[in-house]
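One file, upload.cif, carrying mmCIF, C-alpha atoms:
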```
data_coords
loop_
_atom_site.label_atom_id
_atom_site.label_comp_id
_atom_site.auth_asym_id
_atom_site.auth_seq_id
_atom_site.Cartn_x
_atom_site.Cartn_y
_atom_site.Cartn_z
CA MET O 1 -33.00 -26.05 11.68
CA THR O 2 -29.97 -23.92 10.83
CA PRO O 3 -30.21 -20.37 12.25
CA THR O 4 -30.57 -17.57 9.68
CA LEU O 5 -28.25 -14.61 9.96
CA ASN O 6 -29.95 -11.23 9.92
CA TYR O 7 -27.48 -8.91 8.16
CA HIS O 8 -29.24 -5.81 9.46
CA HIS O 9 -28.61 -7.02 13.01
CA LEU O 10 -25.01 -7.80 12.05
CA HIS O 11 -24.56 -4.27 10.73
CA CYS O 12 -25.96 -2.84 13.95
CA PHE O 13 -23.50 -4.93 15.97
CA TRP O 14 -20.65 -3.77 13.73
CA MET O 15 -21.57 -0.14 14.32
CA ILE O 16 -21.64 -0.71 18.09
CA ALA O 17 -18.23 -2.38 17.92
CA GLU O 18 -16.77 0.42 15.79
CA GLU O 19 -18.26 3.23 17.89
CA GLY O 20 -17.50 1.57 21.22
CA SER O 21 -20.96 2.12 22.71
CA ILE O 22 -24.64 1.56 21.94
CA THR O 23 -25.41 5.23 22.53
CA ARG O 24 -22.92 6.49 19.91
CA ALA O 25 -23.93 3.77 17.43
CA ALA O 26 -27.62 4.61 17.90
CA ARG O 27 -26.86 8.26 17.22
CA ARG O 28 -24.93 7.37 14.07
CA LEU O 29 -27.69 5.03 12.80
CA HIS O 30 -30.50 7.41 13.82
CA VAL O 31 -32.30 4.80 15.94
CA THR O 32 -33.10 4.57 19.65
CA HIS O 33 -30.83 2.99 22.23
CA SER O 34 -33.51 0.40 23.10
CA THR O 35 -34.00 -0.60 19.44
CA LEU O 36 -30.30 -1.22 19.01
CA SER O 37 -30.16 -3.22 22.26
CA VAL O 38 -32.95 -5.51 21.06
CA GLN O 39 -31.22 -6.11 17.72
CA LEU O 40 -27.93 -6.89 19.48
CA ARG O 41 -29.63 -9.45 21.76
CA SER O 42 -31.32 -11.04 18.72
CA LEU O 43 -27.96 -11.47 16.99
CA GLU O 44 -26.40 -12.96 20.13
CA ALA O 45 -29.30 -15.43 20.34
CA VAL O 46 -28.72 -16.55 16.73
CA LEU O 47 -24.94 -16.88 17.20
CA GLY O 48 -25.26 -18.52 20.61
CA SER O 49 -22.59 -16.49 22.39
CA PRO O 50 -22.33 -13.02 23.94
CA LEU O 51 -20.68 -10.39 21.76
CA PHE O 52 -20.08 -7.87 24.55
CA GLU O 53 -19.74 -8.00 28.30
CA ARG O 54 -20.62 -5.16 30.62
CA ARG O 55 -17.85 -3.66 32.76
CA GLY O 56 -19.01 -0.88 34.99
CA ARG O 57 -21.12 1.42 32.84
CA GLY O 58 -19.47 0.42 29.56
CA LEU O 59 -19.42 -2.46 27.09
CA VAL O 60 -16.29 -4.47 26.27
CA ILE O 61 -16.24 -6.69 23.21
CA THR O 62 -15.66 -10.39 23.92
CA PRO O 63 -13.05 -12.48 22.07
CA PHE O 64 -15.90 -14.07 20.11
CA GLY O 65 -17.32 -10.63 19.40
CA ASP O 66 -13.96 -9.49 18.06
CA GLU O 67 -13.95 -12.44 15.67
CA VAL O 68 -17.50 -11.63 14.54
CA ARG O 69 -16.45 -8.01 13.97
CA ALA O 70 -13.70 -9.20 11.59
CA TYR O 71 -16.27 -11.18 9.59
CA ALA O 72 -18.64 -8.20 9.57
CA ARG O 73 -15.88 -5.93 8.30
CA ASP O 74 -15.22 -8.29 5.38
CA ILE O 75 -18.92 -8.80 4.63
CA PHE O 76 -19.71 -5.09 4.41
CA ARG O 77 -16.49 -4.37 2.54
CA LEU O 78 -17.60 -6.86 -0.10
CA GLY O 79 -20.96 -5.11 -0.17
CA ARG O 80 -19.26 -1.80 -0.96
CA GLU O 81 -17.22 -3.49 -3.69
CA LEU O 82 -20.41 -4.95 -5.17
CA ILE O 83 -21.81 -1.43 -5.48
CA ASP O 84 -18.56 -0.35 -7.15
CA VAL O 85 -18.59 -3.25 -9.60
CA SER O 86 -22.24 -2.60 -10.45
CA GLY O 87 -21.23 0.82 -11.72
CA ARG O 88 -23.53 2.62 -9.28
CA GLY O 89 -20.75 4.05 -7.17
CA ALA O 90 -19.10 6.84 -9.18
CA GLY O 91 -21.36 8.13 -11.93
CA GLY O 92 -21.55 4.75 -13.64
CA ARG O 93 -17.81 4.14 -13.38
CA VAL O 94 -16.21 1.62 -11.06
CA ALA O 95 -13.93 3.08 -8.39
CA VAL O 96 -10.56 1.39 -7.80
CA ARG O 97 -9.05 2.61 -4.53
CA VAL O 98 -5.25 2.36 -4.64
CA GLY O 99 -2.62 2.96 -2.00
CA ALA O 100 0.88 3.66 -3.30
CA LEU O 101 3.98 3.67 -1.13
CA ALA O 102 5.11 7.28 -0.78
CA THR O 103 8.68 6.45 -1.78
CA LEU O 104 7.74 4.84 -5.11
CA PRO O 105 8.50 7.08 -8.10
CA ARG O 106 5.30 8.66 -9.39
CA THR O 107 6.18 7.58 -12.93
CA ILE O 108 6.46 3.94 -11.83
CA THR O 109 3.11 4.20 -10.03
CA CYS O 110 1.52 5.70 -13.14
CA ARG O 111 2.87 2.94 -15.39
CA LEU O 112 1.68 0.22 -13.04
CA LEU O 113 -1.84 1.69 -12.86
CA GLU O 114 -2.39 2.58 -16.53
CA PRO O 115 -3.68 -0.90 -17.48
CA ALA O 116 -6.57 -0.48 -15.02
CA LEU O 117 -7.87 2.47 -17.05
CA GLU O 118 -7.85 0.33 -20.19
CA ALA O 119 -9.55 -2.70 -18.59
CA GLY O 120 -12.98 -1.11 -18.19
CA PRO O 121 -14.89 2.00 -17.07
CA PHE O 122 -12.75 2.46 -13.99
CA THR O 123 -12.00 5.54 -11.94
CA ILE O 124 -8.71 5.34 -10.03
CA ASP O 125 -8.47 6.91 -6.60
CA VAL O 126 -4.82 7.00 -5.51
CA GLN O 127 -3.46 7.93 -2.09
CA HIS O 128 0.20 7.92 -1.10
CA GLY O 129 1.43 7.14 2.37
CA PRO O 130 3.74 5.13 4.63
CA PHE O 131 3.70 1.34 4.36
CA ASP O 132 2.10 0.52 7.73
CA ARG O 133 -0.76 2.97 7.33
CA LEU O 134 -1.57 1.80 3.80
CA LEU O 135 -1.69 -1.82 4.97
CA GLU O 136 -4.10 -0.86 7.75
CA GLU O 137 -6.31 0.96 5.24
CA LEU O 138 -6.24 -2.10 2.97
CA ALA O 139 -7.10 -4.51 5.79
CA ALA O 140 -9.99 -2.27 6.83
CA GLY O 141 -11.45 -2.43 3.30
CA ARG O 142 -10.84 1.20 2.44
CA LEU O 143 -8.38 0.27 -0.34
CA HIS O 144 -8.53 -2.40 -3.04
CA VAL O 145 -4.76 -2.70 -3.48
CA VAL O 146 -1.45 -1.33 -2.23
CA LEU O 147 1.52 -0.90 -4.57
CA ALA O 148 4.83 -1.28 -2.75
CA ASP O 149 8.43 -2.44 -2.99
CA GLN O 150 8.04 -5.06 -0.26
CA ALA O 151 5.61 -7.70 0.95
CA PRO O 152 3.70 -7.43 4.24
CA PRO O 153 5.74 -8.62 7.22
CA GLN O 154 5.56 -12.35 7.89
CA GLY O 155 3.29 -13.33 10.75
CA SER O 156 1.11 -10.24 10.30
CA ALA O 157 -2.43 -10.56 11.64
CA LEU O 158 -3.78 -8.50 8.73
CA ARG O 159 -4.14 -11.53 6.41
CA LEU O 160 -2.85 -9.82 3.28
CA HIS O 161 -1.31 -11.34 0.15
CA ALA O 162 1.52 -9.99 -2.03
CA HIS O 163 1.41 -10.56 -5.80
CA PRO O 164 4.83 -10.10 -7.48
CA LEU O 165 4.82 -7.63 -10.37
CA GLY O 166 8.49 -7.68 -11.41
CA GLU O 167 11.62 -5.69 -10.73
CA THR O 168 13.96 -3.14 -12.26
CA GLU O 169 17.73 -2.72 -11.96
CA LEU O 170 19.29 0.25 -10.22
CA LEU O 171 21.65 2.52 -12.15
CA VAL O 172 23.73 5.53 -11.17
CA PHE O 173 23.59 8.81 -13.13
CA ALA O 174 25.26 12.22 -12.96
CA MET O 175 25.20 15.38 -15.03
CA PRO O 176 28.14 15.60 -17.49
CA ALA O 177 30.03 18.32 -15.57
CA LEU O 178 29.97 16.28 -12.38
CA ALA O 179 30.62 13.00 -14.18
CA SER O 180 33.84 14.45 -15.66
CA THR O 181 35.24 15.02 -12.16
CA LEU O 182 34.87 11.39 -11.09
CA THR O 183 38.19 9.56 -11.28
CA GLY O 184 38.90 5.87 -11.74
CA ARG O 185 36.74 3.08 -12.98
CA PHE O 186 33.25 2.44 -11.64
CA PRO O 187 32.46 1.67 -8.86
CA ARG O 188 35.70 3.10 -7.35
CA SER O 189 34.83 6.39 -9.05
CA LEU O 190 32.05 6.82 -6.46
CA HIS O 191 34.48 6.94 -3.54
CA GLY O 192 34.25 10.43 -2.04
CA ALA O 193 31.74 11.56 -4.66
CA PRO O 194 28.75 13.77 -3.71
CA MET O 195 25.65 11.57 -3.73
CA LEU O 196 21.90 12.03 -3.43
CA LEU O 197 20.18 9.18 -1.61
CA PRO O 198 16.76 8.18 -0.27
CA ARG O 199 16.26 8.86 3.42
CA PRO O 200 17.54 6.32 5.96
CA GLY O 201 15.02 3.65 6.90
CA SER O 202 13.64 3.06 3.41
CA LEU O 203 14.20 -0.34 1.80
CA LEU O 204 16.03 1.25 -1.14
CA ARG O 205 18.38 3.20 1.13
CA ARG O 206 19.26 0.10 3.14
CA SER O 207 20.04 -1.77 -0.07
CA ILE O 208 22.29 1.00 -1.41
CA ASP O 209 24.11 1.37 1.92
CA GLU O 210 24.78 -2.37 1.98
CA TRP O 211 26.03 -2.25 -1.63
CA LEU O 212 28.40 0.62 -0.85
CA GLY O 213 29.66 -1.25 2.20
CA ARG O 214 30.35 -4.42 0.20
CA HIS O 215 32.46 -2.39 -2.22
CA ASP O 216 34.23 -0.50 0.59
CA LEU O 217 33.02 2.84 -0.75
CA ARG O 218 32.43 6.03 1.22
CA VAL O 219 30.39 8.69 -0.50
CA ARG O 220 29.62 12.24 0.55
CA VAL O 221 25.86 12.35 1.12
CA VAL O 222 24.68 15.83 0.20
CA ALA O 223 20.92 15.22 0.47
CA GLU O 224 18.55 12.51 1.71
CA ILE O 225 15.18 12.65 -0.05
CA ASP O 226 12.27 10.22 0.02
CA ASP O 227 10.46 11.55 -3.04
CA ALA O 228 12.11 10.14 -6.16
CA GLY O 229 11.05 13.11 -8.31
CA THR O 230 12.64 15.62 -5.95
CA LEU O 231 15.80 13.53 -5.69
CA ARG O 232 16.02 13.36 -9.46
CA ALA O 233 15.46 17.11 -9.77
CA PHE O 234 18.47 17.77 -7.52
CA GLY O 235 20.49 15.29 -9.55
CA LEU O 236 19.59 16.96 -12.83
CA ARG O 237 20.82 20.26 -11.39
CA GLY O 238 24.22 18.69 -10.89
CA ARG O 239 24.06 18.51 -7.09
CA GLY O 240 25.22 14.93 -6.85
CA VAL O 241 25.40 11.44 -8.28
CA PHE O 242 21.97 9.83 -7.98
CA PRO O 243 20.34 6.39 -8.31
CA VAL O 244 17.82 5.79 -11.10
CA ARG O 245 15.54 2.82 -11.71
CA ALA O 246 16.43 1.23 -15.06
CA ALA O 247 12.75 1.47 -16.07
CA LEU O 248 13.12 5.27 -15.94
CA ALA O 249 16.65 5.57 -17.33
CA SER O 250 15.62 6.72 -20.82
CA GLU O 251 13.59 9.60 -19.35
CA VAL O 252 16.53 10.81 -17.26
CA ALA O 253 18.94 10.66 -20.20
CA ASP O 254 16.61 12.07 -22.85
CA VAL O 255 14.92 14.81 -20.85
CA GLY O 256 17.60 15.80 -18.37
CA GLY O 257 20.78 15.05 -20.28
CA ALA O 258 22.29 13.07 -17.41
CA ARG O 259 25.00 10.51 -18.09
CA ARG O 260 24.94 6.92 -16.90
CA ILE O 261 27.88 6.25 -14.59
CA GLY O 262 27.33 2.58 -13.84
CA ARG O 263 25.05 -0.13 -12.52
CA LEU O 264 24.58 -1.20 -8.92
CA ASP O 265 25.19 -4.83 -9.74
CA GLY O 266 23.08 -7.27 -7.81
CA LEU O 267 20.60 -4.59 -6.74
CA GLY O 268 17.06 -4.23 -7.99
CA GLU O 269 13.80 -2.75 -6.81
CA ARG O 270 10.94 -5.24 -6.66
CA TYR O 271 7.30 -4.24 -6.97
CA VAL O 272 4.30 -6.03 -5.50
CA ALA O 273 0.55 -5.55 -5.48
CA ILE O 274 -0.86 -6.32 -2.04
CA THR O 275 -4.50 -7.35 -1.71
CA ARG O 276 -6.76 -9.03 0.80
CA GLU O 277 -7.48 -11.88 -1.64
CA ARG O 278 -5.11 -14.70 -2.48
CA THR O 279 -6.67 -14.92 -5.96
CA ILE O 280 -7.31 -11.64 -7.75
CA ARG O 281 -10.77 -11.42 -9.33
CA HIS O 282 -11.22 -7.67 -9.75
CA PRO O 283 -10.66 -7.00 -13.50
CA ALA O 284 -8.75 -3.76 -12.90
CA LEU O 285 -6.35 -5.40 -10.43
CA ALA O 286 -5.92 -8.41 -12.72
CA ALA O 287 -4.93 -6.06 -15.57
CA ILE O 288 -2.39 -4.28 -13.34
CA VAL O 289 -0.74 -7.54 -12.28
CA GLN O 290 -0.71 -9.19 -15.71
CA THR O 291 0.64 -6.16 -17.59
CA ALA O 292 3.34 -5.44 -15.01
CA ARG O 293 4.59 -9.01 -15.18
CA GLU O 294 4.78 -8.79 -18.96
CA ARG O 295 6.65 -5.46 -18.95
CA LEU O 296 8.89 -5.85 -15.89
CA GLY O 297 9.35 -9.61 -16.05
#
```
Go ahead and render the structure in this file as structure tokens.
Amino acid sequence: MTPTLNYHHLHCFWMIAEEGSITRAARRLHVTHSTLSVQLRSLEAVLGSPLFERRGRGLVITPFGDEVRAYARDIFRLGRELIDVSGRGAGGRVAVRVGALATLPRTITCRLLEPALEAGPFTIDVQHGPFDRLLEELAAGRLHVVLADQAPPQGSALRLHAHPLGETELLVFAMPALASTLTGRFPRSLHGAPMLLPRPGSLLRRSIDEWLGRHDLRVRVVAEIDDAGTLRAFGLRGRGVFPVRAALASEVADVGGARRIGRLDGLGERYVAITRERTIRHPALAAIVQTARERLG
């Protein structure tokens, strides 16, 4: 007869593994130490292998236990998503937890996420942060999707999947007064020009530096700014030549009055949606991916 998994016992084990001790897990679950010990032994009997080993006065998770913890994390994450999809999680609306790379322009993030609001009664919860931390949050089940300009590193143990959304070209703009001082044809007109750039280390900055190097151009970097909105604000005050995603070019020209100087040929910024699933089933995430591919190509 095939053993039956008791999910309550599995949840108790998961709490012990997360807390690092039976005592702390018992306190968190409001049960006694002995009760939790009995449930742990019952689960080990069903699975046929020890989940922890005792070292001194503490417990250390076994390799098998670590594998079971990964399954438990996925199982209870799916349980939370089921509550979300049922509409019982946020006043009858389904919560979509999104991580957005801090260096992505807020306007781009907004455009990518808008289709989710039109796909159903969804509430979007967005947090910005560095790439590594967002991927950890996603792998732990605390996010449904991460929007980024790069895929997870190959060989990562996080088991994440990148879904291409499209890309946009990179252009160079300047306010008219500054543009009039640039001499020669583009891109030679950038040589020696004051320029606003993303901070070193970002994917976009590395791409621009490589492009400038290929064209044997040296610019005068007057500011290095991660936030695209702040960088654009400096550019619109005439502080330097600045890069603009083609998808946002009309806003820069119409609202700020900046002039297009040229195009960084061969350069583009790609966007991906990173999820734990290879096949996207969540209707909000499916709407994000499908609409972005139609608009960005």
Which residues of range 171-289 of chain O come within 10 Å of range 124-135 of chain O, and for each one, what is the closest pair of atoms and their distance in Å to one decimal, counting all atoms listed in the file, sorted by chain and residue number, as JSON lines?
```
{"residue": "O:Ile274", "atom": "CA", "partner": "O:Leu135", "partner_atom": "CA", "distance": 8.4}
{"residue": "O:Thr275", "atom": "CA", "partner": "O:Leu135", "partner_atom": "CA", "distance": 9.1}
{"residue": "O:Arg276", "atom": "CA", "partner": "O:Leu135", "partner_atom": "CA", "distance": 9.8}
{"residue": "O:Ala284", "atom": "CA", "partner": "O:Ile124", "partner_atom": "CA", "distance": 9.5}
```
Once the PyMOL selection byres ((chain O and resi 212) around 12) has been evaluated on this model, what residues remain selected, and can you format them as an mmCIF file with C-alpha atoms, keeping the file's coordinate frame?
```
data_model
loop_
_atom_site.group_PDB
_atom_site.id
_atom_site.type_symbol
_atom_site.label_atom_id
_atom_site.label_comp_id
_atom_site.auth_asym_id
_atom_site.auth_seq_id
_atom_site.Cartn_x
_atom_site.Cartn_y
_atom_site.Cartn_z
ATOM 1 C CA PHE O 186 33.250 2.440 -11.640
ATOM 2 C CA PRO O 187 32.460 1.670 -8.860
ATOM 3 C CA ARG O 188 35.700 3.100 -7.350
ATOM 4 C CA SER O 189 34.830 6.390 -9.050
ATOM 5 C CA LEU O 190 32.050 6.820 -6.460
ATOM 6 C CA HIS O 191 34.480 6.940 -3.540
ATOM 7 C CA GLY O 192 34.250 10.430 -2.040
ATOM 8 C CA MET O 195 25.650 11.570 -3.730
ATOM 9 C CA LEU O 197 20.180 9.180 -1.610
ATOM 10 C CA ARG O 205 18.380 3.200 1.130
ATOM 11 C CA ARG O 206 19.260 0.100 3.140
ATOM 12 C CA SER O 207 20.040 -1.770 -0.070
ATOM 13 C CA ILE O 208 22.290 1.000 -1.410
ATOM 14 C CA ASP O 209 24.110 1.370 1.920
ATOM 15 C CA GLU O 210 24.780 -2.370 1.980
ATOM 16 C CA TRP O 211 26.030 -2.250 -1.630
ATOM 17 C CA GLY O 213 29.660 -1.250 2.200
ATOM 18 C CA ARG O 214 30.350 -4.420 0.200
ATOM 19 C CA HIS O 215 32.460 -2.390 -2.220
ATOM 20 C CA ASP O 216 34.230 -0.500 0.590
ATOM 21 C CA LEU O 217 33.020 2.840 -0.750
ATOM 22 C CA ARG O 218 32.430 6.030 1.220
ATOM 23 C CA VAL O 219 30.390 8.690 -0.500
ATOM 24 C CA ARG O 220 29.620 12.240 0.550
ATOM 25 C CA LEU O 264 24.580 -1.200 -8.920
ATOM 26 C CA ASP O 265 25.190 -4.830 -9.740
ATOM 27 C CA GLY O 266 23.080 -7.270 -7.810
ATOM 28 C CA LEU O 267 20.600 -4.590 -6.740
#
```
What is the distance between CA of Pro50 in chain O and CA of Arg159 in chain O, in Å to one decimal?
25.3 Å
Pairwise distance for CA of Arg270 in chain O and CA of Gln150 in chain O, rounded to one decimal in Å:
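These two atoms are separated by 7.0 Å.
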For the PyMOL selection byres ((chain O and resi 76) around 12), applied here, can you spell out every residue it catches as a VMD selection string?
chain O and resid 7 to 8 10 to 12 14 to 15 69 to 75 77 to 83 140 to 142
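Residues in contact with Thr230 in chain O at up to 12 Å, not including ones fewer than 4 positions away on its chain and judged by all atoms listed in the file, are Thr103, Leu104, Pro105, Arg106, Leu196, Leu197, Pro198, Ala223, Glu224, Ile225, Asp226, Phe234, Gly235, Leu236, Arg237, Arg239 and Phe242 of chain O.
Residues with any atom within 9 Å of Arg28 in chain O, counting only C-alpha atoms and excluding same-chain neighbours fewer than 4 positions away, are Met15, Glu19, Thr23 and Arg24 of chain O.
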So that I have them on file, write out the residues from the current selection with C-alpha atoms, as a tab-separated table (two decimals), keeping the file's coordinate frame.
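File written: out32.tsv
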```tsv
chain	number	residue	atom	x	y	z
O	15	MET	CA	-21.57	-0.14	14.32
O	19	GLU	CA	-18.26	3.23	17.89
O	23	THR	CA	-25.41	5.23	22.53
O	24	ARG	CA	-22.92	6.49	19.91
```
Two-atom distance - CA of Val241 in chain O, CA of Leu178 in chain O (Å):
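Those two atoms sit 7.8 Å apart.
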Check the smallest atom-to-atom distance from each of O:Leu147, O:Thr181, O:Asn6, O:Ile61 to Leu101 in chain O using all atoms listed in the file, then report the winner.
O:Leu147
Restricting the calculation to all atoms listed in the file: of O:Gly58, O:Pro283, O:Gly262, O:Pro176, which residue gets closest to Ile16 in chain O?
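Using all atoms listed in the file, the shortest distance to Ile16 in chain O belongs to O:Gly58.
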Test item: the PyMOL selection byres ((chain O and resi 271) around 6) resolved as an mmCIF file with C-alpha atoms, keeping the file's coordinate frame:
```
data_model
loop_
_atom_site.group_PDB
_atom_site.id
_atom_site.type_symbol
_atom_site.label_atom_id
_atom_site.label_comp_id
_atom_site.auth_asym_id
_atom_site.auth_seq_id
_atom_site.Cartn_x
_atom_site.Cartn_y
_atom_site.Cartn_z
ATOM 1 C CA ALA O 148 4.830 -1.280 -2.750
ATOM 2 C CA ASP O 149 8.430 -2.440 -2.990
ATOM 3 C CA LEU O 165 4.820 -7.630 -10.370
ATOM 4 C CA GLY O 166 8.490 -7.680 -11.410
ATOM 5 C CA GLU O 167 11.620 -5.690 -10.730
ATOM 6 C CA ARG O 270 10.940 -5.240 -6.660
ATOM 7 C CA VAL O 272 4.300 -6.030 -5.500
#
```
Mind rebuilding range 220-238 of chain O with N, CA and C atoms and writing that out as a PDB file, in the frame of the given file?
```pdb
ATOM      1  N   ARG O 220      29.986  11.033  -0.192  1.00  0.00           N
ATOM      2  CA  ARG O 220      29.620  12.240   0.550  1.00  0.00           C
ATOM      3  C   ARG O 220      28.142  12.519   0.296  1.00  0.00           C
ATOM      4  N   VAL O 221      27.311  12.198   1.276  1.00  0.00           N
ATOM      5  CA  VAL O 221      25.860  12.350   1.120  1.00  0.00           C
ATOM      6  C   VAL O 221      25.503  13.820   1.264  1.00  0.00           C
ATOM      7  N   VAL O 222      25.003  14.407   0.178  1.00  0.00           N
ATOM      8  CA  VAL O 222      24.680  15.830   0.200  1.00  0.00           C
ATOM      9  C   VAL O 222      23.191  16.088   0.426  1.00  0.00           C
ATOM     10  N   ALA O 223      22.364  15.070   0.216  1.00  0.00           N
ATOM     11  CA  ALA O 223      20.920  15.220   0.470  1.00  0.00           C
ATOM     12  C   ALA O 223      20.303  13.842   0.614  1.00  0.00           C
ATOM     13  N   GLU O 224      19.301  13.753   1.495  1.00  0.00           N
ATOM     14  CA  GLU O 224      18.550  12.510   1.710  1.00  0.00           C
ATOM     15  C   GLU O 224      17.085  12.842   1.482  1.00  0.00           C
ATOM     16  N   ILE O 225      16.498  12.240   0.432  1.00  0.00           N
ATOM     17  CA  ILE O 225      15.180  12.650  -0.050  1.00  0.00           C
ATOM     18  C   ILE O 225      14.333  11.416  -0.339  1.00  0.00           C
ATOM     19  N   ASP O 226      13.156  11.359   0.260  1.00  0.00           N
ATOM     20  CA  ASP O 226      12.270  10.220   0.020  1.00  0.00           C
ATOM     21  C   ASP O 226      11.630  10.273  -1.366  1.00  0.00           C
ATOM     22  N   ASP O 227      11.169  11.441  -1.769  1.00  0.00           N
ATOM     23  CA  ASP O 227      10.460  11.550  -3.040  1.00  0.00           C
ATOM     24  C   ASP O 227      11.420  11.423  -4.210  1.00  0.00           C
ATOM     25  N   ALA O 228      11.190  10.419  -5.058  1.00  0.00           N
ATOM     26  CA  ALA O 228      12.110  10.140  -6.160  1.00  0.00           C
ATOM     27  C   ALA O 228      12.175  11.295  -7.154  1.00  0.00           C
ATOM     28  N   GLY O 229      11.049  11.977  -7.376  1.00  0.00           N
ATOM     29  CA  GLY O 229      11.050  13.110  -8.310  1.00  0.00           C
ATOM     30  C   GLY O 229      11.900  14.254  -7.815  1.00  0.00           C
ATOM     31  N   THR O 230      11.820  14.547  -6.513  1.00  0.00           N
ATOM     32  CA  THR O 230      12.640  15.620  -5.950  1.00  0.00           C
ATOM     33  C   THR O 230      14.115  15.248  -5.981  1.00  0.00           C
ATOM     34  N   LEU O 231      14.410  13.994  -5.655  1.00  0.00           N
ATOM     35  CA  LEU O 231      15.800  13.530  -5.690  1.00  0.00           C
ATOM     36  C   LEU O 231      16.362  13.665  -7.100  1.00  0.00           C
ATOM     37  N   ARG O 232      15.564  13.258  -8.074  1.00  0.00           N
ATOM     38  CA  ARG O 232      16.020  13.360  -9.460  1.00  0.00           C
ATOM     39  C   ARG O 232      16.213  14.814  -9.878  1.00  0.00           C
ATOM     40  N   ALA O 233      15.333  15.709  -9.418  1.00  0.00           N
ATOM     41  CA  ALA O 233      15.460  17.110  -9.770  1.00  0.00           C
ATOM     42  C   ALA O 233      16.780  17.692  -9.266  1.00  0.00           C
ATOM     43  N   PHE O 234      17.173  17.329  -8.032  1.00  0.00           N
ATOM     44  CA  PHE O 234      18.470  17.770  -7.520  1.00  0.00           C
ATOM     45  C   PHE O 234      19.602  17.187  -8.363  1.00  0.00           C
ATOM     46  N   GLY O 235      19.452  15.910  -8.734  1.00  0.00           N
ATOM     47  CA  GLY O 235      20.490  15.290  -9.550  1.00  0.00           C
ATOM     48  C   GLY O 235      20.651  15.951 -10.896  1.00  0.00           C
ATOM     49  N   LEU O 236      19.539  16.325 -11.513  1.00  0.00           N
ATOM     50  CA  LEU O 236      19.590  16.960 -12.830  1.00  0.00           C
ATOM     51  C   LEU O 236      20.111  18.392 -12.761  1.00  0.00           C
ATOM     52  N   ARG O 237      20.206  18.946 -11.566  1.00  0.00           N
ATOM     53  CA  ARG O 237      20.820  20.260 -11.390  1.00  0.00           C
ATOM     54  C   ARG O 237      22.291  20.130 -11.020  1.00  0.00           C
ATOM     55  N   GLY O 238      22.799  18.909 -11.099  1.00  0.00           N
ATOM     56  CA  GLY O 238      24.220  18.690 -10.890  1.00  0.00           C
ATOM     57  C   GLY O 238      24.666  18.667  -9.443  1.00  0.00           C
TER      58      GLY O 238
END
```
